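Enquirer: Can you read through this structure? Questions will come right after.
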Amino acid sequence: MKIPEAEVRLFNRRFVCKKCKKVVRANPARIKTKDIVCPNCESRNFRKKNKEKRVAK
Ligand SMILES: [Zn+2]
């Protein structure tokens with residue numbers, strides 16, 4: 001069984017590096033303050049990962 005709220009929470013905490021597209025899990029507040037550095041390319045530019053919600057036809 002799926003719990004939509006849990007899924008939303010999961011997505012809200014996932015960010016994608018704008019440079020190398022690595023997905024990192026982090027606290028949104030820390031992304032904003034640029035505390036999170038991409039482990040791959042050391043970039044600090046992240047975007048929210050929201051688009052990957054499964055689209056049911
Ligand atoms: Zn990166």
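Chain lettering (A, B, ...) mirrors the order of the structure tokens, residue numbering begins at 1 for each chain separately, and ligand numbering begins at 1 in order of display.
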Which chain A residues have any atom within 8 Å of an atom of ligand 1, and for each, what is the nearest pair of atoms with distance in Å to one decimal, counting only C-alpha atoms and all ligand atoms, rows sorted by chain and number, as a Markdown table?
Expert:
```
| residue | atom | partner | partner_atom_place_in_ligand_line | distance |
| --- | --- | --- | --- | --- |
| A:Val16 | CA | ligand 1 | 1 (Zn) | 7.9 |
| A:Cys17 | CA | ligand 1 | 1 (Zn) | 4.6 |
| A:Lys18 | CA | ligand 1 | 1 (Zn) | 6.6 |
| A:Lys19 | CA | ligand 1 | 1 (Zn) | 5.0 |
| A:Cys20 | CA | ligand 1 | 1 (Zn) | 4.2 |
| A:Lys21 | CA | ligand 1 | 1 (Zn) | 5.9 |
| A:Lys22 | CA | ligand 1 | 1 (Zn) | 5.5 |
| A:Val37 | CA | ligand 1 | 1 (Zn) | 7.9 |
| A:Cys38 | CA | ligand 1 | 1 (Zn) | 4.7 |
| A:Pro39 | CA | ligand 1 | 1 (Zn) | 6.6 |
| A:Asn40 | CA | ligand 1 | 1 (Zn) | 4.8 |
| A:Cys41 | CA | ligand 1 | 1 (Zn) | 4.2 |
| A:Glu42 | CA | ligand 1 | 1 (Zn) | 5.9 |
| A:Ser43 | CA | ligand 1 | 1 (Zn) | 5.3 |
| A:Arg44 | CA | ligand 1 | 1 (Zn) | 7.7 |
| A:Asn45 | CA | ligand 1 | 1 (Zn) | 8.0 |
```
Enquirer: So which residues touch Phe15 (chain A) within 8 Å, counting only C-alpha atoms, skipping near sequence neighbours fewer than 6 positions away, as a ChimeraX atom specification?
Expert: /A:23-26,46-49
Enquirer: Once you have the residues from the selection above, write them out as a PDB file, in the first residue's frame, restricted to N, CA and C atoms.
Expert:
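selection_24.pdb, written as the output of this step:
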```pdb
ATOM      1  N   VAL A  23      21.795  12.861  -7.346  1.00  0.00           N
ATOM      2  CA  VAL A  23      20.699  13.078  -6.407  1.00  0.00           C
ATOM      3  C   VAL A  23      21.229  12.969  -4.983  1.00  0.00           C
ATOM      4  N   VAL A  24      20.949  13.983  -4.226  1.00  0.00           N
ATOM      5  CA  VAL A  24      21.356  13.949  -2.833  1.00  0.00           C
ATOM      6  C   VAL A  24      20.134  14.154  -1.950  1.00  0.00           C
ATOM      7  N   ARG A  25      20.194  13.565  -0.794  1.00  0.00           N
ATOM      8  CA  ARG A  25      19.121  13.787   0.157  1.00  0.00           C
ATOM      9  C   ARG A  25      19.596  14.800   1.193  1.00  0.00           C
ATOM     10  N   ALA A  26      18.797  15.818   1.376  1.00  0.00           N
ATOM     11  CA  ALA A  26      19.231  16.847   2.309  1.00  0.00           C
ATOM     12  C   ALA A  26      18.044  17.617   2.843  1.00  0.00           C
ATOM     13  N   PHE A  46      21.663  23.211  -6.490  1.00  0.00           N
ATOM     14  CA  PHE A  46      20.739  22.083  -6.518  1.00  0.00           C
ATOM     15  C   PHE A  46      19.357  22.563  -6.902  1.00  0.00           C
ATOM     16  N   ARG A  47      18.611  21.633  -7.435  1.00  0.00           N
ATOM     17  CA  ARG A  47      17.202  21.931  -7.657  1.00  0.00           C
ATOM     18  C   ARG A  47      16.389  20.832  -7.019  1.00  0.00           C
ATOM     19  N   LYS A  48      15.163  21.170  -6.747  1.00  0.00           N
ATOM     20  CA  LYS A  48      14.289  20.179  -6.145  1.00  0.00           C
ATOM     21  C   LYS A  48      14.021  19.048  -7.106  1.00  0.00           C
ATOM     22  N   LYS A  49      13.911  17.885  -6.549  1.00  0.00           N
ATOM     23  CA  LYS A  49      13.533  16.777  -7.406  1.00  0.00           C
ATOM     24  C   LYS A  49      12.049  16.529  -7.243  1.00  0.00           C
TER      25      LYS A  49
END
```
Enquirer: Identify all residues of region 3-47 of chain A in strand (DSSP E or B) (DSSP on the backbone) and supply them as a CSV table (one decimal) with N, CA and C atoms, in the first residue's frame.
Expert:
```csv
chain,number,residue,atom,x,y,z
A,14,ARG,N,14.7,15.5,-1.6
A,14,ARG,CA,15.7,15.1,-2.6
A,14,ARG,C,16.0,16.2,-3.5
A,15,PHE,N,17.3,16.4,-3.7
A,15,PHE,CA,17.7,17.4,-4.6
A,15,PHE,C,18.7,16.9,-5.7
A,16,VAL,N,18.6,17.5,-6.8
A,16,VAL,CA,19.5,17.1,-7.9
A,16,VAL,C,20.5,18.2,-8.2
A,17,CYS,N,21.7,17.7,-8.3
A,17,CYS,CA,22.8,18.7,-8.6
A,17,CYS,C,22.6,19.2,-10.0
A,23,VAL,N,21.8,12.9,-7.3
A,23,VAL,CA,20.7,13.1,-6.4
A,23,VAL,C,21.2,13.0,-5.0
A,24,VAL,N,20.9,14.0,-4.2
A,24,VAL,CA,21.4,13.9,-2.8
A,24,VAL,C,20.1,14.2,-2.0
A,25,ARG,N,20.2,13.6,-0.8
A,25,ARG,CA,19.1,13.8,0.2
A,25,ARG,C,19.6,14.8,1.2
A,46,PHE,N,21.7,23.2,-6.5
A,46,PHE,CA,20.7,22.1,-6.5
A,46,PHE,C,19.4,22.6,-6.9
A,47,ARG,N,18.6,21.6,-7.4
A,47,ARG,CA,17.2,21.9,-7.7
A,47,ARG,C,16.4,20.8,-7.0
```
